[in-house]
$ cat work.csv   # CSV, C-alpha atoms and all ligand atoms
chain,number,residue,atom,x,y,z
A,1,MET,CA,79.6,72.5,96.2
A,2,SER,CA,80.3,69.5,94.0
A,3,ASN,CA,78.1,68.7,91.1
A,4,ARG,CA,76.6,65.8,92.9
A,5,ASP,CA,75.3,68.1,95.7
A,6,GLY,CA,73.7,70.5,93.2
A,7,LYS,CA,70.0,71.3,93.0
A,8,LEU,CA,69.8,69.7,89.6
A,9,ALA,CA,72.1,66.7,90.2
A,10,GLY,CA,71.3,63.9,87.8
A,11,ARG,CA,68.9,66.0,85.7
A,12,ARG,CA,69.2,66.2,81.9
A,13,ILE,CA,67.9,69.5,80.6
A,14,LEU,CA,67.6,71.0,77.1
A,15,ILE,CA,67.9,74.7,76.8
A,16,THR,CA,67.0,76.7,73.6
A,17,GLY,CA,68.6,80.1,72.9
A,18,ALA,CA,71.6,79.0,74.9
A,19,ALA,CA,74.3,80.9,72.9
A,20,SER,CA,73.5,84.2,74.5
A,21,GLY,CA,71.8,86.2,77.3
A,22,MET,CA,69.4,84.3,79.6
A,23,GLY,CA,69.7,81.0,77.9
A,24,ARG,CA,73.5,81.1,78.3
A,25,ALA,CA,73.3,82.1,82.0
A,26,ILE,CA,70.8,79.3,82.5
A,27,ALA,CA,73.1,76.8,80.9
A,28,GLU,CA,76.0,77.9,83.0
A,29,LEU,CA,74.1,77.9,86.3
A,30,PHE,CA,72.3,74.6,85.6
A,31,THR,CA,75.7,73.0,84.9
A,32,ARG,CA,77.1,74.3,88.2
A,33,GLU,CA,74.1,72.8,89.9
A,34,GLY,CA,74.8,69.4,88.5
A,35,ALA,CA,72.6,69.2,85.4
A,36,ARG,CA,73.8,67.8,82.1
A,37,VAL,CA,72.7,70.1,79.4
A,38,ALA,CA,71.8,70.0,75.7
A,39,LEU,CA,72.0,73.5,74.1
A,40,LEU,CA,70.2,74.6,71.0
A,41,ASP,CA,70.7,77.9,69.2
A,42,LEU,CA,70.5,79.5,65.7
A,43,ASN,CA,74.1,80.7,66.4
A,44,GLY,CA,76.0,77.4,65.8
A,45,PRO,CA,79.6,78.4,66.5
A,46,ALA,CA,78.7,80.1,69.8
A,47,VAL,CA,76.5,77.3,71.1
A,48,LEU,CA,79.0,74.7,70.2
A,49,GLU,CA,81.8,76.6,72.0
A,50,LEU,CA,79.6,77.0,75.1
A,51,ALA,CA,78.6,73.3,75.0
A,52,LYS,CA,82.3,72.4,74.9
A,53,ASP,CA,83.1,74.6,77.9
A,54,LEU,CA,80.2,73.1,79.9
A,55,GLN,CA,80.8,69.5,78.8
A,56,GLY,CA,77.3,69.5,77.4
A,57,PHE,CA,75.8,68.7,74.0
A,58,GLY,CA,75.4,71.6,71.6
A,59,ILE,CA,73.6,71.8,68.3
A,60,GLU,CA,72.8,74.5,65.7
A,61,CYS,CA,69.0,74.6,65.3
A,62,ASP,CA,66.4,77.1,64.1
A,63,ILE,CA,63.5,76.4,66.4
A,64,SER,CA,61.0,77.6,63.8
A,65,SER,CA,61.9,74.6,61.7
A,66,ALA,CA,59.9,71.5,62.7
A,67,GLN,CA,62.4,69.2,61.0
A,68,GLN,CA,65.5,70.8,62.6
A,69,VAL,CA,63.9,70.7,66.0
A,70,ALA,CA,62.8,67.1,65.6
A,71,ASP,CA,66.4,66.1,64.6
A,72,SER,CA,68.0,68.2,67.3
A,73,VAL,CA,65.8,66.8,70.0
A,74,VAL,CA,66.5,63.2,69.0
A,75,ALA,CA,70.2,63.9,69.0
A,76,ALA,CA,70.0,65.7,72.4
A,77,ILE,CA,68.1,62.8,74.0
A,78,LYS,CA,70.6,60.4,72.6
A,79,ALA,CA,73.5,62.4,73.9
A,80,LEU,CA,72.0,62.9,77.4
A,81,GLY,CA,70.4,59.4,77.7
A,82,GLY,CA,66.9,60.9,78.3
A,83,LEU,CA,65.4,64.2,79.3
A,84,ASP,CA,64.1,65.6,82.6
A,85,GLY,CA,63.5,69.2,81.6
A,86,VAL,CA,63.3,71.9,78.9
A,87,VAL,CA,63.9,75.6,79.0
A,88,ASN,CA,62.5,77.6,76.1
A,89,ALA,CA,64.6,80.7,76.1
A,90,ALA,CA,65.2,81.4,72.4
A,91,GLY,CA,63.3,84.4,71.3
A,92,LEU,CA,63.1,87.2,68.8
A,93,TYR,CA,62.3,90.8,69.7
A,94,TYR,CA,60.4,93.0,67.3
A,95,SER,CA,59.4,96.6,67.7
A,96,LYS,CA,57.2,98.5,65.2
A,97,SER,CA,53.8,100.0,65.3
A,98,PHE,CA,51.0,97.6,64.3
A,99,GLU,CA,50.4,99.5,61.1
A,100,GLU,CA,54.1,99.1,60.1
A,101,THR,CA,54.2,95.4,61.0
A,102,ASP,CA,54.2,93.5,57.7
A,103,ILE,CA,53.0,89.9,57.5
A,104,GLU,CA,56.5,88.5,57.0
A,105,SER,CA,57.7,90.1,60.3
A,106,TRP,CA,54.5,89.1,62.1
A,107,ASN,CA,54.9,85.5,60.9
A,108,ARG,CA,58.6,85.3,61.9
A,109,VAL,CA,57.9,86.6,65.4
A,110,MET,CA,55.1,84.0,65.9
A,111,ALA,CA,57.3,81.2,64.2
A,112,VAL,CA,60.2,81.8,66.6
A,113,ASN,CA,58.4,82.8,69.8
A,114,VAL,CA,55.3,80.6,69.7
A,115,THR,CA,55.6,77.8,67.1
A,116,GLY,CA,59.3,77.3,68.1
A,117,PRO,CA,58.3,76.2,71.6
A,118,TYR,CA,55.4,74.2,70.1
A,119,HIS,CA,57.9,72.2,67.9
A,120,LEU,CA,60.3,71.8,70.8
A,121,LEU,CA,57.7,70.5,73.2
A,122,GLN,CA,56.0,68.2,70.7
A,123,ALA,CA,59.4,66.6,70.0
A,124,ALA,CA,60.5,66.5,73.7
A,125,LEU,CA,57.2,65.3,75.3
A,126,PRO,CA,57.6,61.5,74.8
A,127,ALA,CA,61.0,61.6,76.6
A,128,LEU,CA,59.7,64.0,79.3
A,129,ARG,CA,56.8,61.6,80.0
A,130,GLN,CA,59.3,58.9,80.9
A,131,ALA,CA,61.0,61.1,83.5
A,132,SER,CA,59.7,60.7,87.1
A,133,SER,CA,59.5,64.5,87.6
A,134,ALA,CA,59.8,66.6,84.5
A,135,THR,CA,59.9,70.4,84.2
A,136,ILE,CA,59.2,72.9,81.4
A,137,VAL,CA,60.2,76.5,81.8
A,138,ASN,CA,59.1,79.1,79.2
A,139,ILE,CA,60.7,82.5,79.1
A,140,ALA,CA,57.8,84.8,78.4
A,141,SER,CA,57.9,88.6,79.2
A,142,ILE,CA,56.0,91.3,81.0
A,143,SER,CA,55.1,92.2,77.5
A,144,GLY,CA,52.8,89.2,77.5
A,145,TYR,CA,50.3,91.0,79.8
A,146,LEU,CA,51.4,94.7,79.6
A,147,PRO,CA,50.8,96.6,76.4
A,148,MET,CA,53.6,98.9,75.4
A,149,ALA,CA,54.1,101.1,72.3
A,150,GLY,CA,55.3,99.3,69.2
A,151,THR,CA,55.2,95.8,70.6
A,152,ALA,CA,51.9,94.4,69.3
A,153,ALA,CA,53.6,91.4,67.5
A,154,TYR,CA,56.1,90.6,70.2
A,155,SER,CA,53.5,91.1,73.0
A,156,THR,CA,51.0,88.9,71.3
A,157,SER,CA,53.6,86.2,71.0
A,158,LYS,CA,54.5,86.4,74.6
A,159,ALA,CA,50.8,86.4,75.7
A,160,ALA,CA,50.5,83.2,73.7
A,161,ILE,CA,53.4,81.5,75.4
A,162,LEU,CA,51.9,82.5,78.8
A,163,MET,CA,48.6,80.8,77.9
A,164,LEU,CA,50.5,77.8,76.5
A,165,THR,CA,52.2,77.6,79.9
A,166,LYS,CA,48.9,77.6,81.7
A,167,SER,CA,47.2,75.2,79.3
A,168,LEU,CA,50.1,72.7,79.6
A,169,GLY,CA,50.3,73.1,83.3
A,170,PHE,CA,46.7,72.0,83.3
A,171,GLU,CA,47.1,69.2,80.8
A,172,LEU,CA,50.5,67.6,81.6
A,173,GLY,CA,50.4,67.0,85.4
A,174,PRO,CA,51.1,65.3,87.6
A,175,ASN,CA,54.5,64.3,86.4
A,176,ILE,CA,55.3,67.3,84.2
A,177,ARG,CA,55.3,70.8,85.7
A,178,VAL,CA,55.1,73.8,83.3
A,179,ASN,CA,55.9,77.3,84.4
A,180,ALA,CA,57.0,80.6,82.9
A,181,ILE,CA,59.2,83.5,83.8
A,182,CYS,CA,58.2,87.1,82.8
A,183,PRO,CA,61.3,89.2,82.7
A,184,GLY,CA,61.2,93.0,82.6
A,185,VAL,CA,64.2,94.8,81.0
A,186,ILE,CA,67.2,92.5,81.3
A,187,LYS,CA,70.8,93.4,80.1
A,188,THR,CA,71.4,91.0,77.2
A,189,GLU,CA,72.1,91.3,73.5
A,190,MET,CA,68.4,91.9,72.9
A,191,THR,CA,68.5,95.1,74.9
A,192,ARG,CA,72.0,96.3,73.9
A,193,HIS,CA,70.4,99.3,72.1
A,194,ILE,CA,69.2,100.4,75.6
A,195,TRP,CA,72.1,99.7,77.9
A,196,GLU,CA,74.7,101.0,75.5
A,197,ASP,CA,73.0,104.4,75.4
A,198,PRO,CA,73.7,106.0,78.8
A,199,ALA,CA,70.6,108.3,78.6
A,200,ARG,CA,68.3,105.4,77.6
A,201,ALA,CA,69.8,103.1,80.2
A,202,ALA,CA,69.3,105.7,82.9
A,203,SER,CA,65.7,106.4,82.0
A,204,THR,CA,65.0,102.6,81.7
A,205,ALA,CA,66.4,102.1,85.2
A,206,ASP,CA,64.6,105.1,86.6
A,207,ARG,CA,61.1,103.8,85.7
A,208,VAL,CA,61.4,100.8,87.9
A,209,SER,CA,61.3,100.6,91.7
A,210,LEU,CA,64.7,99.0,92.0
A,211,LYS,CA,66.3,101.6,89.8
A,212,LYS,CA,68.3,99.1,87.6
A,213,MET,CA,68.0,96.8,84.7
A,214,GLY,CA,68.0,93.1,85.5
A,215,GLU,CA,70.8,90.7,84.8
A,216,ALA,CA,70.6,87.4,82.9
A,217,GLU,CA,71.7,85.6,86.1
A,218,ASP,CA,68.5,87.0,87.9
A,219,ILE,CA,66.5,85.0,85.4
A,220,ALA,CA,68.7,82.0,85.6
A,221,LYS,CA,68.1,81.7,89.4
A,222,ALA,CA,64.3,81.7,88.8
A,223,ALA,CA,64.7,79.1,86.1
A,224,LEU,CA,66.7,77.0,88.5
A,225,TYR,CA,63.9,77.2,91.1
A,226,LEU,CA,61.3,76.2,88.5
A,227,SER,CA,63.5,73.3,87.2
A,228,SER,CA,64.2,71.9,90.6
A,229,GLU,CA,62.2,70.2,93.3
A,230,ASP,CA,62.2,73.4,95.3
A,231,SER,CA,59.2,74.4,93.1
A,232,SER,CA,57.4,71.0,93.4
A,233,PHE,CA,54.0,72.6,94.0
A,234,ALA,CA,54.2,75.1,91.2
A,235,THR,CA,52.6,74.5,87.8
A,236,GLY,CA,50.8,76.6,85.2
A,237,THR,CA,52.1,79.8,86.8
A,238,GLU,CA,54.6,82.5,86.2
A,239,ILE,CA,57.3,84.4,88.1
A,240,VAL,CA,57.6,88.1,87.3
A,241,LEU,CA,61.1,89.6,87.6
A,242,ASP,CA,60.9,93.2,86.5
A,243,GLY,CA,62.3,95.3,89.3
A,244,GLY,CA,58.8,96.7,89.8
A,245,PHE,CA,58.2,97.7,86.1
A,246,SER,CA,54.6,96.4,86.0
A,247,TRP,CA,53.4,98.5,88.9
A,248,ARG,CA,54.5,101.9,87.7
B,301,LIG,N1,66.3,90.9,77.4
B,301,LIG,C1,65.1,91.3,77.8
B,301,LIG,O1,64.9,92.4,78.4
B,301,LIG,C2,63.9,90.4,77.8
B,301,LIG,C3,62.8,90.7,78.5
B,301,LIG,C4,61.7,89.9,78.5
B,301,LIG,C5,61.7,88.7,77.8
B,301,LIG,N2,62.9,88.3,77.1
B,301,LIG,C6,62.9,87.0,76.4
B,301,LIG,O2,64.0,86.3,77.0
B,301,LIG,C7,64.4,85.3,76.1
B,301,LIG,C8,65.9,85.3,76.0
B,301,LIG,O3,66.3,86.6,75.4
B,301,LIG,P1,67.7,87.3,75.7
B,301,LIG,O4,67.3,88.6,76.3
B,301,LIG,O5,68.6,86.4,76.5
B,301,LIG,O6,68.2,87.6,74.2
B,301,LIG,P2,69.5,87.2,73.5
B,301,LIG,O7,69.3,87.9,72.1
B,301,LIG,O8,70.7,87.5,74.3
B,301,LIG,O9,69.4,85.6,73.3
B,301,LIG,C9,68.4,85.0,72.5
B,301,LIG,C10,69.0,83.8,71.9
B,301,LIG,O10,68.0,83.1,71.1
B,301,LIG,C11,68.6,82.7,69.9
B,301,LIG,N3,67.6,82.6,68.8
B,301,LIG,C12,66.9,83.5,68.2
B,301,LIG,N4,66.1,83.0,67.3
B,301,LIG,C13,66.3,81.7,67.3
B,301,LIG,C14,65.8,80.6,66.5
B,301,LIG,N5,64.9,80.8,65.5
B,301,LIG,N6,66.2,79.4,66.8
B,301,LIG,C15,67.1,79.1,67.8
B,301,LIG,N7,67.6,80.1,68.5
B,301,LIG,C16,67.2,81.4,68.3
B,301,LIG,C17,69.6,83.7,69.5
B,301,LIG,O11,70.6,83.3,68.6
B,301,LIG,C18,70.2,84.1,70.9
B,301,LIG,O12,71.3,83.2,71.2
B,301,LIG,C19,63.7,85.6,74.8
B,301,LIG,O13,62.6,84.7,74.7
B,301,LIG,C20,63.2,87.0,75.0
B,301,LIG,O14,62.0,87.3,74.2
B,301,LIG,C21,63.9,89.2,77.1

$ encode --input "work.csv" --output "structure tokens"
Amino acid sequence: MSNRDGKLAGRRILITGAASGMGRAIAELFTREGARVALLDLNGPAVLELAKDLQGFGIECDISSAQQVADSVVAAIKALGGLDGVVNAAGLYYSKSFEETDIESWNRVMAVNVTGPYHLLQAALPALRQASSATIVNIASISGYLPMAGTAAYSTSKAAILMLTKSLGFELGPNIRVNAICPGVIKTEMTRHIWEDPARAASTADRVSLKKMGEAEDIAKAALYLSSEDSSFATGTEIVLDGGFSWR
């Protein structure tokens, strides 16, 4: 399939957290499907190298910084000539009991997982408003609705992003659609401590119906659906991809 026949042909999409894991898989799939991409990540060297490979625009950016995000989004819009979509994939995992969660850690998790997408969307909205059919995809988590031991801060941040998705789905129509993906346990850097330990990997796989961890590409395919016209009647909703984790 040539780029011009892709599901995202002609679309200009900004992806955060693009240096690794899901963000990276999304950047690669979206490019194959004809999108031109702007890639933001805290990891400057990795995101610049990927942008070069994909002939996209890459920029080092800490999404918790309003100024860095504003500058990066201006540069991305200039490089792409506008913006048709955003994928908020950057995220920070944190696991400690609530009593052990100090205020610095709590604030950092919220700053990256909740306020980061806030900064990004505030900066991107004027350009998205000019697109005929814009899309926003937020990577949340099953942790956003399913309490698990030691994840109070992370889960609270993901619950917030799910409600932001619903609120904006409600507020930004009809020309901007806003949806979320709730991944279960996916093989990325974030879960290296699980899949590198054979016993932990096996017990993690065993607790889901499909008996495996997900791949970043599984999430990228859902992000493709939500960023293309295939999902033209979907807004304010979420796709759960967890191999059956939530129902055990
Ligand atoms: N891996 C899982 O099992 C899983 C499950 C549910 C949800 N998620 C969510 O999926 C998203 C992607 O995670 P992943 O698994 O691909 O992890 P990952 O660690 O492979 O990638 C996360 C990326 O985000 C970037 N990042 C972190 N903080 C940043 C910041 N302040 N500014 C800019 N970039 C920053 C990192 O540099 C990294 O490139 C995250 O929001 C995560 O919370 C992951």

$ closest_residue --input "work.csv" --among "A:Leu50, A:Arg24, A:Ile181, A:Gly56" --to "Val37 (chain A)" --atoms "all atoms listed in the file"
A:Gly56

$ residues_near_ligand --input "work.csv" --ligand "ligand LIG 301 (chain B)" --cutoff "6 Å" --atoms "only C-alpha atoms and all ligand atoms" --output "VMD selection string"
chain A and resid 17 to 23 41 to 43 61 to 64 89 to 93 112 139 to 141 183 to 191

$ closest_residue --input "work.csv" --among "A:Thr135, A:Thr165, A:Gln68, A:Gln122" --to "Arg177 (chain A)" --atoms "only C-alpha atoms"
A:Thr135

$ closest_residue --input "work.csv" --among "A:Ala201, A:Val178, A:Ile161, A:Leu39" --to "Met213 (chain A)" --atoms "only C-alpha atoms"
A:Ala201

$ atom_distance --input "work.csv" --atom1 "CA of Leu146 (chain A)" --atom2 "CA of Cys182 (chain A)"
10.7 Å

$ closest_residue --input "work.csv" --among "A:Phe245, A:Ser97, A:Leu226, A:Phe30" --to "Asp206 (chain A)" --atoms "all atoms listed in the file"
A:Phe245

$ closest_residue --input "work.csv" --among "A:Ala124, A:Ala46, A:Ile194, A:Val240" --to "Ile13 (chain A)" --atoms "all atoms listed in the file"
A:Ala124

$ atom_distance --input "work.csv" --atom1 "CA of Arg32 (chain A)" --atom2 "CA of Gly6 (chain A)"
7.1 Å

$ atom_distance --input "work.csv" --atom1 "CA of Asp218 (chain A)" --atom2 "CA of Leu120 (chain A)"
24.3 Å

$ residues_around --input "work.csv" --residues "Leu29 (chain A)" --least-positions-apart "5" --cutoff "8 Å" --atoms "only C-alpha atoms" --output "ChimeraX atom specification"
/A:220-221,224

$ closest_residue --input "work.csv" --among "A:Ser105, A:Ser157, A:Ser167, A:Thr31" --to "Lys7 (chain A)" --atoms "only C-alpha atoms"
A:Thr31

$ residues_around --input "work.csv" --residues "Gly82 (chain A)" --least-positions-apart "6" --cutoff "12 Å" --atoms "only C-alpha atoms" --output "PyMOL selection string"
chain A and resi 10-14+36-38+73-76+124-132+134

$ residues_around --input "work.csv" --residues "Val137 (chain A)" --least-positions-apart "3" --cutoff "7 Å" --atoms "only C-alpha atoms" --output "PyMOL selection string"
chain A and resi 86-88+178-180+223+226

$ residues_around --input "work.csv" --residues "Thr101 (chain A)" --least-positions-apart "6" --cutoff "9 Å" --atoms "all atoms listed in the file" --output "PyMOL selection string"
chain A and resi 95+152-153

$ residues_around --input "work.csv" --residues "Gly150 (chain A)" --least-positions-apart "4" --cutoff "10 Å" --atoms "only C-alpha atoms" --output "list in words"
Tyr94, Ser95, Lys96, Ser97, Phe98, Glu99, Glu100, Thr101, Tyr154 and Ser155 of chain A

$ decode --input "work.csv" --residues "region 216-242 of chain A" --atoms "C-alpha atoms" --output "short mmCIF file (atom, residue, chain, number, x, y, z; two decimals), in the first residue's frame"
data_model
loop_
_atom_site.label_atom_id
_atom_site.label_comp_id
_atom_site.auth_asym_id
_atom_site.auth_seq_id
_atom_site.Cartn_x
_atom_site.Cartn_y
_atom_site.Cartn_z
CA ALA A 216 2.65 -2.11 21.61
CA GLU A 217 1.36 -2.80 18.08
CA ASP A 218 -1.99 -3.98 19.52
CA ILE A 219 -2.43 -0.51 20.98
CA ALA A 220 -1.18 1.20 17.81
CA LYS A 221 -3.92 -0.53 15.77
CA ALA A 222 -6.60 0.83 18.12
CA ALA A 223 -5.03 4.31 17.96
CA LEU A 224 -5.16 4.03 14.16
CA TYR A 225 -8.87 3.20 14.30
CA LEU A 226 -9.58 6.12 16.64
CA SER A 227 -7.51 8.55 14.52
CA SER A 228 -9.10 7.60 11.21
CA GLU A 229 -12.55 8.01 9.68
CA ASP A 230 -13.25 4.34 10.51
CA SER A 231 -14.28 5.58 13.97
CA SER A 232 -16.28 8.56 12.72
CA PHE A 233 -19.18 7.93 15.16
CA ALA A 234 -16.97 7.44 18.24
CA THR A 235 -16.31 10.17 20.75
CA GLY A 236 -15.96 10.38 24.53
CA THR A 237 -15.45 6.65 24.75
CA GLU A 238 -12.67 4.15 25.41
CA ILE A 239 -11.40 0.92 23.95
CA VAL A 240 -10.20 -1.61 26.50
CA LEU A 241 -7.37 -3.88 25.27
CA ASP A 242 -6.36 -6.09 28.16
#
